[in-house]
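Peer 1: Encoded as structure tokens, here's the structure I'll be asking about.
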Amino acid sequence: MRQLFLALILVASAAAARAEEPTTNTPALWGSPTVNNGACCSTLAEVRQNIDRIDRELVRLMAERGRYVHEASRFKANPAQVEAPERAEAVVRKAMTLAEENGLSPKIAENTYRTMVRSFIDYEQGVFAKAVAAGQTPWKK
């Protein structure tokens, strides 16, 4: 019986420890505002609105980056040049430096950029595959 009771306590504790959604319209529970020289933000809803605005801009910029990645494929002699590991590492290192200069954790920039660069490489390889299939490339299939 005691084991059953302990098991129930553990299950109840685990359920209570699960992630939960915070309220979005109440004042901050601790600390002082750190964005906009302390002028932001009075509620979590306001924080999320700002994050959403930034996310829209990030996606717009990523779409623009994608168009340039697509454009870059036209300058490469063959699909093997897409990988360009030295260029990829340089992009990641630059992002880490810029992150540190702008108050972002370089580790966040590194992880984000490694994922993004890999995704764009995969995308560009797809561009090559479509061009080859359509017979639009200077090399043979």
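Residue names in the structure tokens use chain letters A, B, ... in the order shown, residue numbers from 1 in each chain, and ligand numbers from 1 in the order shown.
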Would you pick out the contacts of Cys41 in chain A at 10 Å or less, using only C-alpha atoms, so that residues sharing its chain but fewer than 4 positions from it are not included, and give the list as a list in words?
Peer 2: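 Once the nearby chain positions are removed, what remains is Pro27, Ala28, Ser32, Pro33, Thr34, Val35, Asn36, Ala45, Glu46, Val47, Arg48 and Asn50 of chain A.
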Peer 1: Rounded to one decimal, what separation in Å do you get between CA of Val92 in chain A and CA of Arg114 in chain A?
Peer 2: 6.5 Å
Peer 1: Any idea what's packed within 9 Å of Pro22 in chain A, counting only C-alpha atoms, ignoring anything in its chain fewer than 2 positions away? Could you give it as a ChimeraX atom specification?
Peer 2: /A:20,24,44
Peer 1: Can you tell me which residues surround Arg93 in chain A at a distance of at most 10 Å, considering only C-alpha atoms, apart from same-chain residues fewer than 3 positions away, and format the answer as an MDAnalysis selection string?
Peer 2: chainID A and resid 87:90 96:99 106 109:110 113:114
